[in-house]
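See structure below.
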Amino acid sequence: MAWLSWVLSNRGHTERAAGLWTQLQAVLASVPDPTDRRYVHIKGMAGVAIAHALRGDTLAARAMAQELLDLGAETGNRRASAMGHIVRVYVYQILGDAEMVAREGRAAAACQADPIYVWLGEIYAASGVLGCGRFEEAEHLIEQHRAEPTLHGYGLLADGYRGLATMAAVAGGHVTRGMRELSAKRESSEAVGDLLGCVQVHFNVARALVVVARGELSVSKVKNPGLMLLLPVAARRGRAALDQLIADIEEHGLLGFRPAVEYELARLSMHQRRSKDARAHLDAVDHLLAAEPYAFLRTQVGKARAEL
């Protein structure tokens, strides 16, 4: 039961995952061993909290993250503290703040709950650093730990490091090779029913196409001539990918990704001089985040409006 919310979210059943907390509380009362009971509490609550974040309810997710952090502080339970920071990683990913993703990932790793939590934290930290555009730092973090999950037989974590390394390769200029590898990663996620992983990879592919279309990748960084073939079609492919993403996140209950997708559609529309469309997408971001007090992505929306 403790892991069920995690499995359900990965398979696109976030509504069911987010509603498990009442059932989990009933189960807790029947677990006789206090150590086992605490494990079920922490792992189950974190999974439910992440499901809330993926559904776009960042307020509920943040409240549960704080409860886990408080539990860790009161009892000295490092797993509770690490899980609280990992939930916050998901919240800040949804809200588009890569710097905070990196910070919370480092905090999760620093808890030293066990090697898996350290590796997870470092993956999140590297993804945040990559999102901030610090490519060399991200590559260093990835290479520092990527061999360890493979050596210890943790295939899913090793796959996470490989996917992140591919995204770093795209950002670092290996565009067409990286895009092929991302497509292969998406296919492998589909093969095992990891719908959350599919959406995450799909979003990174789409965002990479927007970056290429907008000319935000420095020519001096480009490591392969195949980019010249991608340039004329990047905007069309990027829009098609983002439109498909909206359909996918609606179908699989991953609505938390919607603001970021709308923001990328706005950026692409601005590049294509489709001002009316750009404003509509920016309005959608504001509407979707109207109840969220953390204003990072709305601040980016305000900057984008000033450019129209």
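Residue names in the structure tokens use chain letters A, B, ... in the order shown, residue numbers from 1 in each chain, and ligand numbers from 1 in the order shown.
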
Nearby residues (only C-alpha atoms) at most 12 Å from Arg38 of chain A, same-chain spacing under 5 positions excluded, as a ChimeraX atom specification
/A:2,24-25,27-29,31-33,43-45,68,71-72,75,77-80

For the atom pair atom CA of Leu282 of chain A and atom CA of Cys132 of chain A, what is the interatomic distance in Å to one decimal place?
21.1 Å

For the contact check between segment 50-120 of chain A and segment 231-253 of chain A, emit one row per residue of segment 50-120 of chain A within 12 Å, containing the shortest atom pair and the distance in Å rounded to one decimal, counting only C-alpha atoms, chain then rising number order, as a Markdown table.
```
| residue | atom | partner | partner_atom | distance |
| --- | --- | --- | --- | --- |
| A:Ala51 | CA | A:Gly253 | CA | 9.3 |
| A:His52 | CA | A:Gly253 | CA | 10.1 |
| A:Ala53 | CA | A:Gly253 | CA | 10.7 |
| A:Leu54 | CA | A:Gly253 | CA | 7.6 |
| A:Arg55 | CA | A:Gly253 | CA | 5.9 |
| A:Gly56 | CA | A:Gly253 | CA | 9.1 |
| A:Asp57 | CA | A:Gly253 | CA | 11.5 |
```

So that I can check the surroundings of Ala46 of chain A, please list as a list in words every protein, DNA and RNA residue that reaches within 9 Å of it, counting only C-alpha atoms and ignoring chain neighbours fewer than 5 positions away.
Ser5, Trp6, His41, Ala51, Ala61, Met64, Ala65, Leu68, Ala80, Met83, Gly84, Ile86 and Val87 of chain A

Same residues, C-alpha atoms, saved as an mmCIF file, in the first residue's frame:
```
data_model
loop_
_atom_site.group_PDB
_atom_site.id
_atom_site.type_symbol
_atom_site.label_atom_id
_atom_site.label_comp_id
_atom_site.auth_asym_id
_atom_site.auth_seq_id
_atom_site.Cartn_x
_atom_site.Cartn_y
_atom_site.Cartn_z
ATOM 1 C CA SER A 5 0.399 5.819 -4.865
ATOM 2 C CA TRP A 6 3.788 5.935 -6.619
ATOM 3 C CA HIS A 41 3.385 6.680 6.820
ATOM 4 C CA ALA A 51 0.218 12.766 -6.975
ATOM 5 C CA ALA A 61 1.442 18.873 -2.066
ATOM 6 C CA MET A 64 2.176 17.424 2.932
ATOM 7 C CA ALA A 65 5.841 18.179 2.187
ATOM 8 C CA LEU A 68 7.072 15.337 6.300
ATOM 9 C CA ALA A 80 10.922 11.787 6.310
ATOM 10 C CA MET A 83 10.867 12.691 1.221
ATOM 11 C CA GLY A 84 9.696 16.176 2.196
ATOM 12 C CA ILE A 86 11.621 15.303 -2.870
ATOM 13 C CA VAL A 87 7.942 16.309 -2.787
#
```

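Nearest to Asp114 of chain A of all the residues A:Glu307, A:Thr150, A:Glu190, A:Ala82 is A:Ala82, based on only C-alpha atoms.
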
Would you please extract all helix (DSSP H, G or I) residues from segment 73-286 of chain A, as assigned by DSSP on the backbone, and give them as JSON, numbers by chain?
{"A": [73, 74, 75, 78, 79, 80, 81, 82, 83, 84, 85, 86, 87, 88, 89, 90, 91, 92, 93, 94, 98, 99, 100, 101, 102, 103, 104, 105, 106, 107, 108, 109, 110, 115, 116, 117, 118, 119, 120, 121, 122, 123, 124, 125, 126, 127, 128, 129, 130, 131, 135, 136, 137, 138, 139, 140, 141, 142, 143, 144, 145, 147, 148, 149, 150, 151, 155, 156, 157, 158, 159, 160, 161, 162, 163, 164, 165, 166, 167, 168, 169, 170, 171, 175, 176, 177, 178, 179, 180, 181, 182, 183, 184, 185, 186, 187, 188, 189, 190, 191, 195, 196, 197, 198, 199, 200, 201, 202, 203, 204, 205, 206, 207, 208, 209, 210, 211, 212, 213, 219, 220, 221, 227, 228, 229, 230, 231, 232, 233, 234, 235, 236, 237, 238, 239, 240, 241, 242, 243, 244, 245, 246, 247, 248, 249, 250, 251, 255, 256, 257, 258, 259, 260, 261, 262, 263, 264, 265, 266, 267, 268, 269, 270, 271, 275, 276, 277, 278, 279, 280, 281, 282, 283, 284, 285, 286]}

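For the pair atom CA of Val101 of chain A and atom CA of Val129 of chain A, the interatomic distance is 8.1 Å.
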
Residues near Gly160 of chain A, anyone? I mean within 9 Å using only C-alpha atoms, not counting same-chain ones fewer than 4 positions away, as a list in words.
Leu120, Ile123, Arg146, Gly155, Leu156, Leu164 and Ala165 of chain A

Surrounding residues of Leu157 of chain A excluding itself and chain neighbours under 4 positions, 12 Å, only C-alpha atoms, as a ChimeraX atom specification
/A:115-124,142,145-153,161-164

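The shortest atom-to-atom distance to Arg305 of chain A, with only C-alpha atoms taken into account, belongs to A:His281 out of A:Arg214, A:His281, A:Arg11, A:Arg134.
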
What are the closest atom pairs, with distances in Å to one decimal, for each residue of segment 94-133 of chain A lying within 10 Å of segment 260-275 of chain A, using only C-alpha atoms, rows by chain and rising residue number, as JSON lines?
```
{"residue": "A:Ile94", "atom": "CA", "partner": "A:Ala260", "partner_atom": "CA", "distance": 7.2}
{"residue": "A:Leu95", "atom": "CA", "partner": "A:Ala260", "partner_atom": "CA", "distance": 7.6}
{"residue": "A:Gly96", "atom": "CA", "partner": "A:Ala260", "partner_atom": "CA", "distance": 6.7}
```
